[in-house]
>>> print(open('structure-v8.cif').read())   # mmCIF, C-alpha atoms
data_my_file
#
loop_
_atom_site.label_atom_id
_atom_site.label_comp_id
_atom_site.auth_asym_id
_atom_site.auth_seq_id
_atom_site.Cartn_x
_atom_site.Cartn_y
_atom_site.Cartn_z
CA MET G 1 3.79 -93.85 -72.38
CA SER G 2 0.31 -92.36 -72.61
CA THR G 3 -2.81 -94.45 -72.61
CA CYS G 4 -3.44 -93.52 -76.22
CA THR G 5 0.06 -94.57 -77.23
CA ARG G 6 -0.29 -97.87 -75.38
CA LEU G 7 -3.63 -98.47 -77.10
CA ALA G 8 -2.09 -97.74 -80.48
CA VAL G 9 0.75 -100.21 -79.82
CA VAL G 10 -1.72 -102.91 -78.80
CA LEU G 11 -3.82 -102.31 -81.91
CA VAL G 12 -0.75 -102.53 -84.16
CA MET G 13 0.27 -105.80 -82.46
CA LEU G 14 -3.23 -107.20 -82.84
CA GLY G 15 -3.19 -106.23 -86.48
CA ALA G 16 0.11 -108.02 -86.99
CA CYS G 17 -1.20 -111.14 -85.26
CA SER G 18 -4.37 -111.03 -87.34
CA ALA G 19 -2.37 -110.77 -90.54
CA GLU G 20 -0.28 -113.79 -89.58
CA GLN G 21 -3.31 -115.88 -88.70
CA SER G 22 -5.15 -115.17 -91.95
CA PRO G 23 -2.91 -115.75 -94.94
CA PRO G 24 -4.31 -114.22 -98.11
CA LEU G 25 -4.36 -117.58 -99.86
CA ASP G 26 -4.68 -120.83 -97.97
CA VAL G 27 -4.69 -124.41 -99.19
CA SER G 28 -6.36 -127.28 -97.37
CA GLY G 29 -7.42 -130.86 -97.93
CA VAL G 30 -4.51 -131.68 -100.22
CA THR G 31 -4.77 -135.15 -101.73
CA ALA G 32 -2.06 -136.17 -104.17
CA TYR G 33 -2.04 -139.48 -106.00
CA ALA G 34 1.04 -141.04 -107.54
CA ALA G 35 0.77 -141.95 -111.20
CA LEU G 36 -0.69 -145.40 -111.65
CA PRO G 37 1.21 -147.98 -113.68
CA GLY G 38 0.87 -146.96 -117.30
CA GLN G 39 -0.19 -143.42 -116.44
CA ALA G 40 1.74 -140.39 -117.59
CA ALA G 41 0.81 -138.18 -114.63
CA GLY G 42 -0.24 -138.17 -111.03
CA VAL G 43 -2.95 -135.84 -109.85
CA ALA G 44 -3.59 -133.54 -106.91
CA TYR G 45 -6.77 -132.11 -105.42
CA PHE G 46 -7.28 -129.48 -102.70
CA SER G 47 -9.26 -126.39 -101.71
CA LEU G 48 -7.89 -122.89 -102.21
CA GLN G 49 -9.34 -120.17 -100.03
CA ASN G 50 -8.87 -116.51 -100.80
CA SER G 51 -9.53 -114.66 -97.57
CA THR G 52 -8.81 -111.22 -99.01
CA PRO G 53 -11.51 -108.92 -100.36
CA VAL G 54 -9.86 -108.79 -103.81
CA ALA G 55 -9.37 -111.43 -106.47
CA VAL G 56 -6.24 -113.56 -106.37
CA THR G 57 -4.81 -115.07 -109.53
CA LEU G 58 -3.13 -118.45 -109.33
CA ARG G 59 -0.54 -118.19 -112.10
CA GLU G 60 1.37 -121.41 -111.76
CA VAL G 61 1.95 -124.42 -109.58
CA SER G 62 5.37 -126.02 -109.51
CA SER G 63 7.05 -128.83 -107.65
CA PRO G 64 10.74 -129.65 -107.26
CA GLU G 65 9.84 -133.34 -107.49
CA TYR G 66 8.25 -133.03 -110.95
CA SER G 67 9.48 -131.68 -114.27
CA SER G 68 6.20 -129.89 -114.72
CA VAL G 69 2.88 -129.36 -113.04
CA GLU G 70 -0.11 -128.42 -115.15
CA MET G 71 -3.47 -127.03 -114.15
CA HIS G 72 -6.36 -128.62 -115.99
CA THR G 73 -10.07 -128.77 -115.59
CA THR G 74 -12.56 -131.41 -116.59
CA LEU G 75 -15.66 -129.90 -118.11
CA MET G 76 -18.78 -132.04 -117.97
CA ASP G 77 -21.20 -131.55 -120.83
CA GLU G 78 -24.22 -133.84 -120.93
CA GLY G 79 -22.30 -136.71 -119.40
CA ILE G 80 -19.20 -136.23 -121.53
CA ALA G 81 -15.91 -135.31 -119.85
CA ARG G 82 -13.67 -132.91 -121.75
CA MET G 83 -10.33 -131.95 -120.27
CA THR G 84 -8.86 -128.53 -120.97
CA PRO G 85 -5.68 -126.80 -119.72
CA LEU G 86 -5.96 -123.81 -117.37
CA ASP G 87 -3.32 -121.14 -117.99
CA LEU G 88 -4.32 -119.38 -114.78
CA LEU G 89 -7.12 -119.41 -112.29
CA THR G 90 -8.81 -116.42 -110.70
CA ILE G 91 -10.20 -116.84 -107.21
CA ALA G 92 -12.71 -114.14 -106.35
CA GLY G 93 -12.35 -112.23 -103.09
CA GLU G 94 -13.43 -114.13 -100.00
CA SER G 95 -14.21 -117.30 -101.88
CA VAL G 96 -13.03 -120.89 -102.23
CA VAL G 97 -12.14 -122.87 -105.34
CA VAL G 98 -12.21 -126.63 -104.94
CA PHE G 99 -9.95 -128.82 -107.05
CA ALA G 100 -11.78 -132.17 -107.18
CA PRO G 101 -12.41 -135.10 -109.53
CA GLY G 102 -14.55 -133.97 -112.43
CA GLY G 103 -13.34 -130.35 -112.10
CA PRO G 104 -10.08 -128.45 -111.72
CA HIS G 105 -7.06 -130.60 -110.92
CA LEU G 106 -3.29 -130.55 -110.99
CA MET G 107 -1.43 -132.95 -113.23
CA LEU G 108 1.91 -133.98 -111.77
CA MET G 109 4.08 -134.73 -114.79
CA GLU G 110 7.41 -136.54 -115.16
CA PRO G 111 8.87 -137.11 -111.71
CA VAL G 112 12.49 -135.97 -111.48
CA GLU G 113 13.25 -139.14 -109.56
CA GLU G 114 11.22 -142.28 -109.06
CA LEU G 115 8.46 -141.67 -106.53
CA ALA G 116 6.55 -144.19 -104.47
CA THR G 117 3.43 -144.11 -102.37
CA GLY G 118 4.18 -142.37 -99.09
CA ASP G 119 6.93 -140.16 -100.49
CA GLU G 120 6.38 -136.50 -99.70
CA VAL G 121 6.19 -133.98 -102.51
CA THR G 122 6.10 -130.19 -102.43
CA LEU G 123 3.52 -128.09 -104.22
CA GLU G 124 4.36 -124.42 -104.79
CA PHE G 125 1.46 -122.12 -105.57
CA HIS G 126 2.53 -118.91 -107.33
CA TYR G 127 -0.12 -116.23 -107.12
CA ASP G 128 -0.68 -112.50 -107.14
CA TYR G 129 -3.43 -110.01 -106.48
CA ASP G 130 -5.59 -108.53 -109.17
CA GLY G 131 -5.80 -105.34 -107.12
CA ASP G 132 -3.55 -103.41 -104.78
CA LEU G 133 -3.78 -104.85 -101.30
CA ASP G 134 -1.65 -102.69 -99.05
CA GLY G 135 1.32 -103.04 -101.34
CA GLU G 136 1.31 -106.84 -101.31
CA GLY G 137 3.09 -108.32 -104.30
CA PRO G 138 3.28 -111.79 -105.80
CA GLY G 139 2.92 -114.55 -103.26
CA LEU G 140 4.20 -118.07 -102.88
CA LEU G 141 2.37 -120.70 -100.87
CA THR G 142 4.18 -123.96 -100.26
CA VAL G 143 2.75 -127.21 -98.93
CA ARG G 144 4.18 -130.69 -98.51
CA THR G 145 1.98 -133.73 -98.84
CA PRO G 146 2.46 -137.50 -99.03
CA LEU G 147 1.69 -139.33 -102.25
CA LEU G 148 -1.27 -141.68 -101.90
CA SER G 149 -2.17 -144.81 -103.83
CA ARG G 150 -5.61 -145.44 -105.28
CA MET V 151 -60.97 -153.35 -76.59
CA ALA V 152 -57.83 -151.88 -75.06
CA ALA V 153 -55.85 -154.93 -76.14
CA ALA V 154 -57.15 -154.60 -79.69
CA LEU V 155 -56.17 -150.93 -79.81
CA ALA V 156 -52.73 -151.74 -78.49
CA ALA V 157 -52.28 -154.44 -81.11
CA ALA V 158 -53.41 -152.06 -83.82
CA ALA V 159 -50.98 -149.40 -82.59
CA ILE V 160 -48.12 -151.90 -82.64
CA ALA V 161 -49.07 -152.98 -86.15
CA VAL V 162 -49.16 -149.37 -87.37
CA ALA V 163 -45.80 -148.66 -85.74
CA PHE V 164 -44.30 -151.80 -87.33
CA LEU V 165 -45.56 -150.80 -90.77
CA PHE V 166 -44.22 -147.26 -90.28
CA LEU V 167 -40.79 -148.49 -89.30
CA TRP V 168 -40.66 -151.22 -91.95
CA GLY V 169 -41.85 -148.95 -94.74
CA ALA V 170 -45.22 -147.33 -94.86
CA ASP V 171 -46.39 -149.16 -97.94
CA GLY V 172 -44.39 -152.32 -97.35
CA ALA V 173 -42.63 -151.74 -100.66
CA ASP V 174 -39.18 -153.13 -101.26
CA PRO V 175 -36.39 -150.57 -101.49
CA GLU V 176 -35.70 -149.44 -105.03
CA PRO V 177 -32.65 -148.02 -106.80
CA GLU V 178 -32.44 -144.29 -106.16
CA PHE V 179 -29.50 -143.16 -108.23
CA ALA V 180 -29.32 -145.35 -111.32
CA THR V 181 -31.50 -144.82 -114.37
CA LEU V 182 -33.24 -148.04 -115.38
CA LEU V 183 -33.87 -148.78 -119.04
CA PRO V 184 -37.54 -149.38 -119.84
CA GLU V 185 -36.53 -152.65 -121.51
CA PRO V 186 -33.25 -154.56 -121.29
CA LEU V 187 -31.09 -153.84 -124.32
CA PRO V 188 -29.16 -156.87 -125.62
CA LEU V 189 -25.55 -155.99 -126.34
CA PRO V 190 -24.39 -156.44 -129.94
CA GLU V 191 -21.66 -158.81 -130.95
CA PHE V 192 -18.20 -157.30 -130.52
CA SER V 193 -14.64 -158.57 -130.56
CA LEU V 194 -12.06 -157.01 -128.24
CA SER V 195 -9.16 -158.22 -126.05
CA ASP V 196 -8.72 -158.26 -122.29
CA GLN V 197 -5.58 -157.19 -120.43
CA HIS V 198 -4.07 -160.65 -120.91
CA GLY V 199 -4.55 -160.54 -124.66
CA GLU V 200 -7.41 -163.03 -124.49
CA PRO V 201 -10.58 -162.46 -126.54
CA PHE V 202 -13.23 -160.38 -124.82
CA THR V 203 -16.62 -160.64 -126.48
CA ARG V 204 -20.28 -160.35 -125.58
CA ASP V 205 -20.10 -163.88 -124.19
CA SER V 206 -17.42 -162.75 -121.74
CA LEU V 207 -20.14 -160.76 -119.97
CA ARG V 208 -22.44 -163.74 -119.46
CA GLY V 209 -22.87 -165.29 -116.04
CA GLN V 210 -22.12 -162.24 -113.91
CA THR V 211 -23.41 -158.69 -113.59
CA SER V 212 -20.83 -156.27 -114.96
CA LEU V 213 -20.23 -152.58 -114.44
CA LEU V 214 -18.82 -151.09 -117.64
CA PHE V 215 -16.87 -147.86 -117.69
CA PHE V 216 -15.35 -146.36 -120.82
CA GLY V 217 -12.10 -144.54 -120.07
CA PHE V 218 -8.37 -144.63 -120.69
CA THR V 219 -5.15 -144.98 -118.74
CA HIS V 220 -3.75 -141.53 -119.58
CA CYS V 221 -6.85 -139.95 -118.02
CA PRO V 222 -5.62 -138.51 -114.71
CA ASP V 223 -8.89 -137.39 -113.25
CA ILE V 224 -12.32 -138.91 -113.68
CA CYS V 225 -11.26 -142.38 -114.88
CA PRO V 226 -9.14 -143.40 -111.89
CA ALA V 227 -11.58 -141.65 -109.55
CA THR V 228 -14.50 -143.65 -110.95
CA LEU V 229 -12.62 -146.96 -110.91
CA GLN V 230 -11.58 -146.27 -107.34
CA GLN V 231 -15.21 -145.59 -106.38
CA LEU V 232 -16.41 -148.77 -108.09
CA SER V 233 -13.72 -150.85 -106.43
CA LEU V 234 -14.49 -149.37 -103.02
CA ALA V 235 -18.22 -149.86 -103.54
CA ARG V 236 -17.75 -153.51 -104.41
CA LYS V 237 -15.65 -154.00 -101.30
CA GLN V 238 -18.33 -152.39 -99.12
CA ILE V 239 -21.06 -154.50 -100.75
CA ALA V 240 -19.03 -157.66 -100.09
CA GLU V 241 -18.57 -156.70 -96.45
CA ALA V 242 -22.27 -155.95 -96.02
CA SER V 243 -23.44 -159.20 -97.63
CA PRO V 244 -20.76 -161.87 -97.41
CA GLY V 245 -21.24 -164.64 -99.93
CA ASP V 246 -23.57 -162.71 -102.22
CA PRO V 247 -22.53 -162.46 -105.87
CA LEU V 248 -20.53 -159.37 -106.75
CA PRO V 249 -20.38 -157.44 -110.01
CA ALA V 250 -17.38 -157.47 -112.31
CA ILE V 251 -15.76 -154.13 -113.03
CA VAL V 252 -14.77 -153.64 -116.66
CA LEU V 253 -12.76 -150.72 -118.03
CA ILE V 254 -13.12 -150.48 -121.80
CA SER V 255 -10.44 -148.25 -123.28
CA VAL V 256 -11.45 -145.39 -125.54
CA ASP V 257 -7.76 -144.85 -126.33
CA PRO V 258 -6.90 -148.18 -127.94
CA GLU V 259 -3.86 -146.75 -129.73
CA ARG V 260 -2.02 -146.20 -126.43
CA ASP V 261 -3.78 -148.72 -124.18
CA THR V 262 -2.18 -152.01 -125.07
CA PRO V 263 -3.18 -155.14 -123.13
CA GLY V 264 0.12 -154.98 -121.24
CA LYS V 265 -0.43 -151.39 -120.17
CA LEU V 266 -4.01 -152.12 -119.14
CA ASP V 267 -2.87 -155.13 -117.13
CA LYS V 268 -0.62 -152.98 -114.93
CA TYR V 269 -3.21 -150.22 -114.69
CA VAL V 270 -6.28 -152.21 -113.66
CA SER V 271 -4.31 -154.22 -111.10
CA ALA V 272 -4.08 -151.01 -109.06
CA PHE V 273 -7.83 -151.24 -108.42
CA GLY V 274 -7.88 -154.73 -106.96
CA GLU V 275 -8.79 -158.14 -108.21
CA ASP V 276 -11.54 -158.87 -110.71
CA VAL V 277 -11.13 -155.62 -112.59
CA THR V 278 -10.89 -156.31 -116.29
CA GLY V 279 -9.23 -154.02 -118.81
CA VAL V 280 -10.46 -154.25 -122.38
CA THR V 281 -8.98 -152.82 -125.54
CA GLY V 282 -8.96 -153.36 -129.30
CA THR V 283 -9.02 -151.10 -132.29
CA ARG V 284 -11.19 -148.08 -132.84
CA GLU V 285 -13.11 -150.00 -135.48
CA SER V 286 -13.71 -152.94 -133.18
CA LEU V 287 -14.96 -150.63 -130.41
CA LEU V 288 -17.57 -148.89 -132.53
CA PRO V 289 -20.22 -151.65 -132.61
CA LEU V 290 -20.34 -151.61 -128.81
CA THR V 291 -20.05 -147.86 -128.22
CA SER V 292 -22.59 -147.03 -130.92
CA ALA V 293 -25.14 -149.46 -129.52
CA LEU V 294 -24.68 -148.12 -125.99
CA GLY V 295 -24.58 -144.42 -126.89
CA ILE V 296 -21.01 -144.02 -125.68
CA PHE V 297 -19.15 -141.00 -127.07
CA PHE V 298 -15.38 -140.78 -127.42
CA GLU V 299 -13.23 -138.41 -129.43
CA ARG V 300 -9.56 -137.48 -129.56
CA GLN V 301 -8.82 -133.94 -128.46
CA PRO V 302 -5.42 -132.47 -129.50
CA LEU V 303 -3.20 -130.85 -126.87
CA ASP V 304 -0.23 -128.51 -127.28
CA GLY V 305 2.97 -130.27 -128.23
CA GLY V 306 1.34 -132.91 -130.38
CA ASP V 307 -0.10 -134.87 -127.48
CA TYR V 308 -3.77 -135.60 -127.14
CA THR V 309 -6.42 -136.48 -124.61
CA VAL V 310 -9.75 -138.19 -125.14
CA SER V 311 -13.16 -136.74 -124.40
CA HIS V 312 -15.55 -139.48 -123.41
CA SER V 313 -18.83 -140.46 -121.81
CA THR V 314 -18.59 -140.91 -118.07
CA ALA V 315 -21.60 -143.11 -117.33
CA VAL V 316 -21.22 -146.45 -115.57
CA LEU V 317 -23.34 -149.06 -117.35
CA VAL V 318 -24.93 -152.03 -115.60
CA VAL V 319 -25.00 -155.15 -117.77
CA ASP V 320 -26.73 -158.25 -116.46
CA GLY V 321 -25.49 -161.83 -116.65
CA ASP V 322 -27.27 -162.36 -119.96
CA ALA V 323 -25.32 -159.51 -121.57
CA ASN V 324 -28.24 -157.10 -121.49
CA PHE V 325 -27.72 -153.40 -120.78
CA ARG V 326 -30.05 -152.74 -117.84
CA ALA V 327 -29.26 -149.42 -116.17
CA LEU V 328 -26.72 -146.64 -115.93
CA PHE V 329 -25.23 -144.32 -113.37
CA SER V 330 -24.59 -140.80 -114.62
CA ALA V 331 -21.75 -138.63 -113.31
CA PRO V 332 -21.02 -137.19 -110.84
CA HIS V 333 -20.47 -140.57 -109.23
CA LYS V 334 -20.40 -141.29 -105.53
CA THR V 335 -19.39 -144.55 -103.89
CA GLU V 336 -22.52 -144.58 -101.75
CA TYR V 337 -24.73 -144.38 -104.86
CA PHE V 338 -23.18 -147.60 -106.14
CA VAL V 339 -23.33 -149.28 -102.73
CA HIS V 340 -27.03 -148.51 -102.40
CA ASP V 341 -28.23 -149.36 -105.89
CA ILE V 342 -26.06 -152.17 -107.23
CA PRO V 343 -27.33 -154.91 -104.88
CA LEU V 344 -30.91 -153.87 -105.66
CA LEU V 345 -30.25 -153.91 -109.39
CA MET V 346 -28.63 -157.34 -109.15
CA ALA V 347 -31.48 -158.72 -107.05
CA ALA V 348 -34.04 -157.51 -109.57
CA GLN V 349 -32.41 -159.30 -112.51
#
>>> encode(input="structure-v8.cif", output="structure tokens")
Amino acid sequence: MSTCTRLAVVLVMLGACSAEQSPPLDVSGVTAYAALPGQAAGVAYFSLQNSTPVAVTLREVSSPEYSSVEMHTTLMDEGIARMTPLDLLTIAGESVVVFAPGGPHLMLMEPVEELATGDEVTLEFHYDYDGDLDGEGPGLLTVRTPLLSR
Amino acid sequence: MAAALAAAAIAVAFLFLWGADGADPEPEFATLLPEPLPLPEFSLSDQHGEPFTRDSLRGQTSLLFFGFTHCPDICPATLQQLSLARKQIAEASPGDPLPAIVLISVDPERDTPGKLDKYVSAFGEDVTGVTGTRESLLPLTSALGIFFERQPLDGGDYTVSHSTAVLVVDGDANFRALFSAPHKTEYFVHDIPLLMAAQ
């Protein structure tokens, strides 16, 4: 094997490693609260990081533990909170969107079975790229997180 | 002479460390009303179905928040912050009076006393849930500048848009100050004892 060939193999391997270490969409800081007594929905917060140079569109979030998961955002206007559904969410290239109280959040609706604090739930983030990124298609990012109490 | 200079230096250092002008610390995050605003008469019910009126606020500083149980986001987050702040204040100054936390529902059609009872218990003791009818809420919300409005959702459901301020009411049922969103626990921890001490 020539030196050039060996170098090419190493570069390909490094590229593969790099791709594995930097997922296009990453979620961190997941905090999920169980529905309080009398509440219709739990809520989840987290940060979504798009490490690609192109926009990523979050189309849906689902969970096998809930009948439905809805994306909403709270808009603050002169001290008044107005909640509105989000059909999808675009995350610009190389940027982070933070789901936090008073902003975007997930509503965890109608548990399939009774859930208690400490139970783990799965959140499935369905996304795709707005542009062509080396033939990458729709993506699925899955995380498991324990339900917290207030 | 040297002793006098040393004494002066120590005095300057003491004043610097204590506060350059010797002024007491002041609230940094709450907005104080120029004059206390007496609350109007109103007639609502607490989470046990007992009457909750202006007189219910006498004798203890209260932190009023207008929200509703179906609110998944800012309402539970704010109540959690208030509850945590009160706990931290109690730990910092054992034995000092603590404020009451009062959630007044802006969704009285769904927030029955029974539902509020279960809901507020999640935030610890001495959290009061208050509800009534829309008509019985209006004297209070109008006087305090609190906005609330139903907002239809798909499928016939609805949510409620509402003011997010936390109002500080003194033990004589006077509106004294307010915290505007975004709220942080440390804002409450810093300002509430100062506001209570100044009353």
>>> residues_near_point(input="structure-v8.cif", point="(-8.5, -135.2, -129.0)", cutoff="12 Å", atoms="all atoms listed in the file", output="number ranges by chain")
G: 81-84; V: 256-257, 298-304, 306-312
>>> resolve_selection(input="structure-v8.cif", expression="the PyMOL selection byres ((chain V) within 8 of (chain G))", output="CSV table (one decimal) with C-alpha atoms, in the frame of the given file")
chain,number,residue,atom,x,y,z
V,219,THR,CA,-5.2,-145.0,-118.7
V,220,HIS,CA,-3.8,-141.5,-119.6
V,221,CYS,CA,-6.8,-140.0,-118.0
V,222,PRO,CA,-5.6,-138.5,-114.7
V,223,ASP,CA,-8.9,-137.4,-113.2
V,224,ILE,CA,-12.3,-138.9,-113.7
V,226,PRO,CA,-9.1,-143.4,-111.9
V,227,ALA,CA,-11.6,-141.6,-109.6
V,230,GLN,CA,-11.6,-146.3,-107.3
V,265,LYS,CA,-0.4,-151.4,-120.2
V,266,LEU,CA,-4.0,-152.1,-119.1
V,268,LYS,CA,-0.6,-153.0,-114.9
V,269,TYR,CA,-3.2,-150.2,-114.7
V,272,ALA,CA,-4.1,-151.0,-109.1
V,273,PHE,CA,-7.8,-151.2,-108.4
V,297,PHE,CA,-19.2,-141.0,-127.1
V,309,THR,CA,-6.4,-136.5,-124.6
V,310,VAL,CA,-9.8,-138.2,-125.1
V,311,SER,CA,-13.2,-136.7,-124.4
V,312,HIS,CA,-15.6,-139.5,-123.4
V,313,SER,CA,-18.8,-140.5,-121.8
V,314,THR,CA,-18.6,-140.9,-118.1
V,315,ALA,CA,-21.6,-143.1,-117.3
V,330,SER,CA,-24.6,-140.8,-114.6
V,331,ALA,CA,-21.8,-138.6,-113.3
V,332,PRO,CA,-21.0,-137.2,-110.8
>>> residues_around(input="structure-v8.cif", residues="segment 207-210 of chain V", least_positions_apart="4", cutoff="7 Å", atoms="all atoms listed in the file", output="ChimeraX atom specification")
/V:249-250,320-323
>>> closest_residue(input="structure-v8.cif", among="V:His333, V:Arg326, V:Arg260, V:His340", to="Glu185 of chain V", atoms="all atoms listed in the file")
V:Arg326
>>> residues_around(input="structure-v8.cif", residues="Leu194 of chain V", least_positions_apart="6", cutoff="9 Å", atoms="all atoms listed in the file", output="PDB file with C-alpha atoms, in the frame of the given file")
ATOM      1  CA  GLU V 200      -7.410-163.030-124.490  1.00  0.00           C
ATOM      2  CA  PRO V 201     -10.580-162.460-126.540  1.00  0.00           C
ATOM      3  CA  PHE V 202     -13.230-160.380-124.820  1.00  0.00           C
ATOM      4  CA  THR V 203     -16.620-160.640-126.480  1.00  0.00           C
ATOM      5  CA  VAL V 280     -10.460-154.250-122.380  1.00  0.00           C
ATOM      6  CA  THR V 281      -8.980-152.820-125.540  1.00  0.00           C
ATOM      7  CA  GLY V 282      -8.960-153.360-129.300  1.00  0.00           C
ATOM      8  CA  THR V 283      -9.020-151.100-132.290  1.00  0.00           C
ATOM      9  CA  SER V 286     -13.710-152.940-133.180  1.00  0.00           C
ATOM     10  CA  LEU V 287     -14.960-150.630-130.410  1.00  0.00           C
TER      11      LEU V 287
END
>>> atom_distance(input="structure-v8.cif", atom1="atom CA of Glu94 of chain G", atom2="atom CA of Met71 of chain G")
21.6 Å
>>> atom_distance(input="structure-v8.cif", atom1="atom CA of Gly279 of chain V", atom2="atom CA of His198 of chain V")
8.7 Å
>>> decode(input="structure-v8.cif", residues="segment 31-105 of chain G", atoms="C-alpha atoms", output="PDB file, in the first residue's frame")
ATOM      1  CA  THR G  31     -36.203  18.192  31.598  1.00  0.00           C
ATOM      2  CA  ALA G  32     -39.623  16.556  31.496  1.00  0.00           C
ATOM      3  CA  TYR G  33     -42.306  17.174  34.089  1.00  0.00           C
ATOM      4  CA  ALA G  34     -45.224  14.854  34.710  1.00  0.00           C
ATOM      5  CA  ALA G  35     -48.660  16.437  34.531  1.00  0.00           C
ATOM      6  CA  LEU G  36     -49.659  17.915  37.854  1.00  0.00           C
ATOM      7  CA  PRO G  37     -52.933  16.866  39.450  1.00  0.00           C
ATOM      8  CA  GLY G  38     -55.680  18.524  37.463  1.00  0.00           C
ATOM      9  CA  GLN G  39     -53.420  19.247  34.507  1.00  0.00           C
ATOM     10  CA  ALA G  40     -54.125  17.916  31.048  1.00  0.00           C
ATOM     11  CA  ALA G  41     -50.483  17.725  29.947  1.00  0.00           C
ATOM     12  CA  GLY G  42     -46.942  17.371  31.134  1.00  0.00           C
ATOM     13  CA  VAL G  43     -44.219  19.490  29.632  1.00  0.00           C
ATOM     14  CA  ALA G  44     -40.668  19.028  28.398  1.00  0.00           C
ATOM     15  CA  TYR G  45     -37.790  21.455  27.896  1.00  0.00           C
ATOM     16  CA  PHE G  46     -34.370  20.963  26.280  1.00  0.00           C
ATOM     17  CA  SER G  47     -31.826  22.485  23.905  1.00  0.00           C
ATOM     18  CA  LEU G  48     -31.613  21.440  20.257  1.00  0.00           C
ATOM     19  CA  GLN G  49     -28.317  22.025  18.520  1.00  0.00           C
ATOM     20  CA  ASN G  50     -27.974  21.919  14.760  1.00  0.00           C
ATOM     21  CA  SER G  51     -24.308  21.374  14.048  1.00  0.00           C
ATOM     22  CA  THR G  52     -24.721  21.282  10.275  1.00  0.00           C
ATOM     23  CA  PRO G  53     -24.239  24.320   8.053  1.00  0.00           C
ATOM     24  CA  VAL G  54     -27.803  24.059   6.699  1.00  0.00           C
ATOM     25  CA  ALA G  55     -31.163  24.555   8.352  1.00  0.00           C
ATOM     26  CA  VAL G  56     -32.843  21.572   9.985  1.00  0.00           C
ATOM     27  CA  THR G  57     -36.615  21.392  10.305  1.00  0.00           C
ATOM     28  CA  LEU G  58     -38.105  19.709  13.338  1.00  0.00           C
ATOM     29  CA  ARG G  59     -41.356  18.331  11.938  1.00  0.00           C
ATOM     30  CA  GLU G  60     -42.754  16.380  14.835  1.00  0.00           C
ATOM     31  CA  VAL G  61     -41.996  14.997  18.252  1.00  0.00           C
ATOM     32  CA  SER G  62     -43.633  11.770  19.343  1.00  0.00           C
ATOM     33  CA  SER G  63     -43.475   9.481  22.323  1.00  0.00           C
ATOM     34  CA  PRO G  64     -44.667   5.899  22.737  1.00  0.00           C
ATOM     35  CA  GLU G  65     -45.742   6.769  26.274  1.00  0.00           C
ATOM     36  CA  TYR G  66     -48.144   9.524  25.172  1.00  0.00           C
ATOM     37  CA  SER G  67     -51.063   9.621  22.764  1.00  0.00           C
ATOM     38  CA  SER G  68     -49.758  12.865  21.365  1.00  0.00           C
ATOM     39  CA  VAL G  69     -46.955  15.338  21.792  1.00  0.00           C
ATOM     40  CA  GLU G  70     -47.485  18.906  20.667  1.00  0.00           C
ATOM     41  CA  MET G  71     -44.993  21.685  20.088  1.00  0.00           C
ATOM     42  CA  HIS G  72     -46.131  25.022  21.435  1.00  0.00           C
ATOM     43  CA  THR G  73     -44.541  28.324  22.180  1.00  0.00           C
ATOM     44  CA  THR G  74     -45.415  30.969  24.708  1.00  0.00           C
ATOM     45  CA  LEU G  75     -45.204  34.435  23.245  1.00  0.00           C
ATOM     46  CA  MET G  76     -44.686  37.246  25.720  1.00  0.00           C
ATOM     47  CA  ASP G  77     -46.221  40.565  24.732  1.00  0.00           C
ATOM     48  CA  GLU G  78     -46.001  43.374  27.268  1.00  0.00           C
ATOM     49  CA  GLY G  79     -46.232  40.983  30.181  1.00  0.00           C
ATOM     50  CA  ILE G  80     -49.034  38.892  28.697  1.00  0.00           C
ATOM     51  CA  ALA G  81     -48.394  35.231  27.883  1.00  0.00           C
ATOM     52  CA  ARG G  82     -50.070  33.878  24.762  1.00  0.00           C
ATOM     53  CA  MET G  83     -49.608  30.244  23.843  1.00  0.00           C
ATOM     54  CA  THR G  84     -49.628  29.184  20.215  1.00  0.00           C
ATOM     55  CA  PRO G  85     -49.067  25.788  18.524  1.00  0.00           C
ATOM     56  CA  LEU G  86     -45.942  25.230  16.423  1.00  0.00           C
ATOM     57  CA  ASP G  87     -46.535  23.036  13.365  1.00  0.00           C
ATOM     58  CA  LEU G  88     -42.795  22.807  12.776  1.00  0.00           C
ATOM     59  CA  LEU G  89     -39.642  24.494  13.905  1.00  0.00           C
ATOM     60  CA  THR G  90     -36.693  25.524  11.765  1.00  0.00           C
ATOM     61  CA  ILE G  91     -33.273  25.517  13.367  1.00  0.00           C
ATOM     62  CA  ALA G  92     -30.784  27.572  11.392  1.00  0.00           C
ATOM     63  CA  GLY G  93     -27.420  26.060  10.498  1.00  0.00           C
ATOM     64  CA  GLU G  94     -24.929  25.902  13.345  1.00  0.00           C
ATOM     65  CA  SER G  95     -27.342  27.279  15.899  1.00  0.00           C
ATOM     66  CA  VAL G  96     -29.208  26.257  19.035  1.00  0.00           C
ATOM     67  CA  VAL G  97     -32.896  26.546  19.881  1.00  0.00           C
ATOM     68  CA  VAL G  98     -33.730  26.411  23.562  1.00  0.00           C
ATOM     69  CA  PHE G  99     -37.072  25.061  24.720  1.00  0.00           C
ATOM     70  CA  ALA G 100     -37.636  26.764  28.092  1.00  0.00           C
ATOM     71  CA  PRO G 101     -40.432  28.176  30.263  1.00  0.00           C
ATOM     72  CA  GLY G 102     -41.892  31.246  28.620  1.00  0.00           C
ATOM     73  CA  GLY G 103     -40.847  30.052  25.135  1.00  0.00           C
ATOM     74  CA  PRO G 104     -41.032  26.906  23.013  1.00  0.00           C
ATOM     75  CA  HIS G 105     -42.057  23.779  24.892  1.00  0.00           C
TER      76      HIS G 105
END
